[in-house]
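As structure tokens, the structure follows; a few thoughts come after it.
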Amino acid sequence: MRPATTTVTRTVLIQALIERELRQTMKRERLKALPLYPEERRCAHPTTEQVLRLFSHAERHLLSRAGSVVQCFEADFTPLQRQVLDLLGVPACGFRG
């Protein structure tokens, strides 16, 4: 396999795993839908694109002076972002420095 093909294959596999985990956990938790669409419309079958869009504005900033970190501004997650992280089994502390 060529490297580009391997990268695409891995990407598609990761997307499928994210969607599968989220949908299975939603089913287990008896959640019919999540408000992932624009205007917080409900989505019964979340896609990886919707999950990534949800976190697209979660940012962490480091304030530095002379090469040393003076202050760290951690991402503040919305309740929906925290819920999706919980459903995926991803601890929010994984985003902390």
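Please note that chains go A, B, ... in the order of the structure tokens, that every chain numbers its residues from 1, and that ligands are numbered from 1 in the order shown.
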| said: Using only C-alpha atoms, which protein or nucleic acid residues come within 8 Å of region 41-45 of chain A? Drop anything in the same chain fewer than 5 positions from it, and give the result as a VMD selection string. | reply: chain A and resid 23 32 to 36
Dump C-alpha atoms for the selected residues as an mmCIF file, in the first residue's frame?
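Final file, part-v9.cif:
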data_model
loop_
_atom_site.group_PDB
_atom_site.id
_atom_site.type_symbol
_atom_site.label_atom_id
_atom_site.label_comp_id
_atom_site.auth_asym_id
_atom_site.auth_seq_id
_atom_site.Cartn_x
_atom_site.Cartn_y
_atom_site.Cartn_z
ATOM 1 C CA ARG A 23 -23.845 5.963 18.782
ATOM 2 C CA LYS A 32 -32.377 9.504 21.163
ATOM 3 C CA ALA A 33 -30.488 12.544 19.862
ATOM 4 C CA LEU A 34 -27.936 15.235 20.684
ATOM 5 C CA PRO A 35 -28.227 18.921 19.704
ATOM 6 C CA LEU A 36 -25.275 18.859 17.295
#
| said: Residues near Thr48 (chain A), anyone? I mean within 7 Å using only C-alpha atoms, not counting same-chain ones fewer than 3 positions away, as a list in words. | reply: Gln15, Ile18, Glu19, Val51 and Leu52 of chain A
Residue subset to file, keeping N, CA and C atoms, as an mmCIF file, in the first residue's frame:
data_model
loop_
_atom_site.group_PDB
_atom_site.id
_atom_site.type_symbol
_atom_site.label_atom_id
_atom_site.label_comp_id
_atom_site.auth_asym_id
_atom_site.auth_seq_id
_atom_site.Cartn_x
_atom_site.Cartn_y
_atom_site.Cartn_z
ATOM 1 N N GLN A 15 -12.598 7.713 12.005
ATOM 2 C CA GLN A 15 -13.927 8.320 11.923
ATOM 3 C C GLN A 15 -15.007 7.293 12.267
ATOM 4 N N ILE A 18 -15.076 6.590 16.057
ATOM 5 C CA ILE A 18 -15.680 7.691 16.820
ATOM 6 C C ILE A 18 -17.206 7.615 16.712
ATOM 7 N N GLU A 19 -17.706 7.472 15.504
ATOM 8 C CA GLU A 19 -19.150 7.416 15.298
ATOM 9 C C GLU A 19 -19.761 6.198 15.984
ATOM 10 N N VAL A 51 -19.064 16.085 15.444
ATOM 11 C CA VAL A 51 -18.322 16.065 16.709
ATOM 12 C C VAL A 51 -17.129 17.015 16.634
ATOM 13 N N LEU A 52 -16.382 16.954 15.545
ATOM 14 C CA LEU A 52 -15.224 17.828 15.399
ATOM 15 C C LEU A 52 -15.639 19.297 15.320
#
| message | When you count only C-alpha atoms, which of these residues is closest to Phe77 (chain A): A:Tyr37, A:Pro91, A:Phe55, A:Gln50? | response | A:Phe55
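CA of Asp76 (chain A) is positioned 14.3 Å from CA of Leu62 (chain A).
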| task | Go through region 22-96 of chain A and collect every residue that DSSP, computed from the backbone, puts in alpha helix (DSSP H); the answer should be as a PyMOL selection string. | result | chain A and resi 22-28+48-54+79-88
Please produce a file of those selected residues containing N, CA and C atoms, as a PDB file, in the first residue's frame.
ATOM      1  N   LEU A  22     -19.788   6.670  19.859  1.00  0.00           N
ATOM      2  CA  LEU A  22     -20.779   7.658  20.273  1.00  0.00           C
ATOM      3  C   LEU A  22     -22.193   7.104  20.134  1.00  0.00           C
ATOM      4  N   ARG A  23     -22.491   6.484  19.024  1.00  0.00           N
ATOM      5  CA  ARG A  23     -23.845   5.963  18.782  1.00  0.00           C
ATOM      6  C   ARG A  23     -24.176   4.799  19.719  1.00  0.00           C
ATOM      7  N   GLN A  24     -23.215   3.920  19.968  1.00  0.00           N
ATOM      8  CA  GLN A  24     -23.470   2.803  20.892  1.00  0.00           C
ATOM      9  C   GLN A  24     -23.699   3.306  22.310  1.00  0.00           C
ATOM     10  N   THR A  25     -22.922   4.285  22.737  1.00  0.00           N
ATOM     11  CA  THR A  25     -23.094   4.829  24.081  1.00  0.00           C
ATOM     12  C   THR A  25     -24.416   5.575  24.187  1.00  0.00           C
ATOM     13  N   MET A  26     -24.800   6.298  23.142  1.00  0.00           N
ATOM     14  CA  MET A  26     -26.098   6.973  23.148  1.00  0.00           C
ATOM     15  C   MET A  26     -27.218   5.951  23.313  1.00  0.00           C
ATOM     16  N   LYS A  27     -27.106   4.844  22.602  1.00  0.00           N
ATOM     17  CA  LYS A  27     -28.123   3.788  22.693  1.00  0.00           C
ATOM     18  C   LYS A  27     -28.158   3.200  24.100  1.00  0.00           C
ATOM     19  N   ARG A  28     -26.988   2.917  24.651  1.00  0.00           N
ATOM     20  CA  ARG A  28     -26.890   2.342  25.997  1.00  0.00           C
ATOM     21  C   ARG A  28     -27.461   3.304  27.049  1.00  0.00           C
ATOM     22  N   THR A  48     -18.697  12.076  12.670  1.00  0.00           N
ATOM     23  CA  THR A  48     -17.430  12.606  13.166  1.00  0.00           C
ATOM     24  C   THR A  48     -17.310  14.090  12.831  1.00  0.00           C
ATOM     25  N   GLU A  49     -17.770  14.486  11.665  1.00  0.00           N
ATOM     26  CA  GLU A  49     -17.717  15.896  11.270  1.00  0.00           C
ATOM     27  C   GLU A  49     -18.469  16.777  12.272  1.00  0.00           C
ATOM     28  N   GLN A  50     -19.621  16.331  12.720  1.00  0.00           N
ATOM     29  CA  GLN A  50     -20.393  17.106  13.694  1.00  0.00           C
ATOM     30  C   GLN A  50     -19.675  17.181  15.040  1.00  0.00           C
ATOM     31  N   VAL A  51     -19.064  16.085  15.444  1.00  0.00           N
ATOM     32  CA  VAL A  51     -18.322  16.065  16.709  1.00  0.00           C
ATOM     33  C   VAL A  51     -17.129  17.015  16.634  1.00  0.00           C
ATOM     34  N   LEU A  52     -16.382  16.954  15.545  1.00  0.00           N
ATOM     35  CA  LEU A  52     -15.224  17.828  15.399  1.00  0.00           C
ATOM     36  C   LEU A  52     -15.639  19.297  15.320  1.00  0.00           C
ATOM     37  N   ARG A  53     -16.754  19.573  14.656  1.00  0.00           N
ATOM     38  CA  ARG A  53     -17.261  20.943  14.576  1.00  0.00           C
ATOM     39  C   ARG A  53     -17.617  21.452  15.975  1.00  0.00           C
ATOM     40  N   LEU A  54     -18.166  20.579  16.807  1.00  0.00           N
ATOM     41  CA  LEU A  54     -18.531  20.950  18.170  1.00  0.00           C
ATOM     42  C   LEU A  54     -17.318  21.446  18.959  1.00  0.00           C
ATOM     43  N   PRO A  79     -21.569  22.495  28.373  1.00  0.00           N
ATOM     44  CA  PRO A  79     -22.186  21.258  28.858  1.00  0.00           C
ATOM     45  C   PRO A  79     -22.319  20.199  27.757  1.00  0.00           C
ATOM     46  N   LEU A  80     -22.639  20.617  26.533  1.00  0.00           N
ATOM     47  CA  LEU A  80     -22.759  19.661  25.431  1.00  0.00           C
ATOM     48  C   LEU A  80     -21.403  19.031  25.099  1.00  0.00           C
ATOM     49  N   GLN A  81     -20.343  19.831  25.081  1.00  0.00           N
ATOM     50  CA  GLN A  81     -19.010  19.287  24.815  1.00  0.00           C
ATOM     51  C   GLN A  81     -18.627  18.275  25.891  1.00  0.00           C
ATOM     52  N   ARG A  82     -18.905  18.591  27.146  1.00  0.00           N
ATOM     53  CA  ARG A  82     -18.610  17.654  28.237  1.00  0.00           C
ATOM     54  C   ARG A  82     -19.420  16.368  28.090  1.00  0.00           C
ATOM     55  N   GLN A  83     -20.678  16.500  27.693  1.00  0.00           N
ATOM     56  CA  GLN A  83     -21.516  15.320  27.506  1.00  0.00           C
ATOM     57  C   GLN A  83     -20.955  14.418  26.413  1.00  0.00           C
ATOM     58  N   VAL A  84     -20.548  15.009  25.295  1.00  0.00           N
ATOM     59  CA  VAL A  84     -19.986  14.220  24.189  1.00  0.00           C
ATOM     60  C   VAL A  84     -18.675  13.559  24.622  1.00  0.00           C
ATOM     61  N   LEU A  85     -17.834  14.278  25.345  1.00  0.00           N
ATOM     62  CA  LEU A  85     -16.595  13.677  25.851  1.00  0.00           C
ATOM     63  C   LEU A  85     -16.907  12.489  26.755  1.00  0.00           C
ATOM     64  N   ASP A  86     -17.896  12.653  27.632  1.00  0.00           N
ATOM     65  CA  ASP A  86     -18.291  11.551  28.521  1.00  0.00           C
ATOM     66  C   ASP A  86     -18.804  10.359  27.726  1.00  0.00           C
ATOM     67  N   LEU A  87     -19.634  10.629  26.720  1.00  0.00           N
ATOM     68  CA  LEU A  87     -20.179   9.543  25.900  1.00  0.00           C
ATOM     69  C   LEU A  87     -19.068   8.804  25.151  1.00  0.00           C
ATOM     70  N   LEU A  88     -18.041   9.532  24.752  1.00  0.00           N
ATOM     71  CA  LEU A  88     -16.914   8.908  24.036  1.00  0.00           C
ATOM     72  C   LEU A  88     -15.898   8.274  24.983  1.00  0.00           C
TER      73      LEU A  88
END
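Of note, CA of Glu74 (chain A) and CA of Arg96 (chain A) are spaced 6.6 Å apart.
The residue that comes closest to Arg20 (chain A), out of A:Gly94, A:Pro38, A:Pro46, A:Pro3 and on the basis of only C-alpha atoms, is A:Pro46.
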| message | Quick check for you: according to DSSP on this backbone, which residues of region 35-84 of chain A are classed as strand (DSSP E)? Reply as a list in words. | response | His61, Leu62, Leu63, Ser64, Arg65, Ser68, Val69, Val70, Gln71, Cys72 and Phe73 of chain A
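In this model, the gap between CA of Val70 (chain A) and CA of Val90 (chain A) comes to 28.0 Å.
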| query | Using only C-alpha atoms, which residue out of A:Thr47, A:Gln71, A:Ser64, A:Ser56 lies closest to Leu17 (chain A)? | reply | A:Thr47
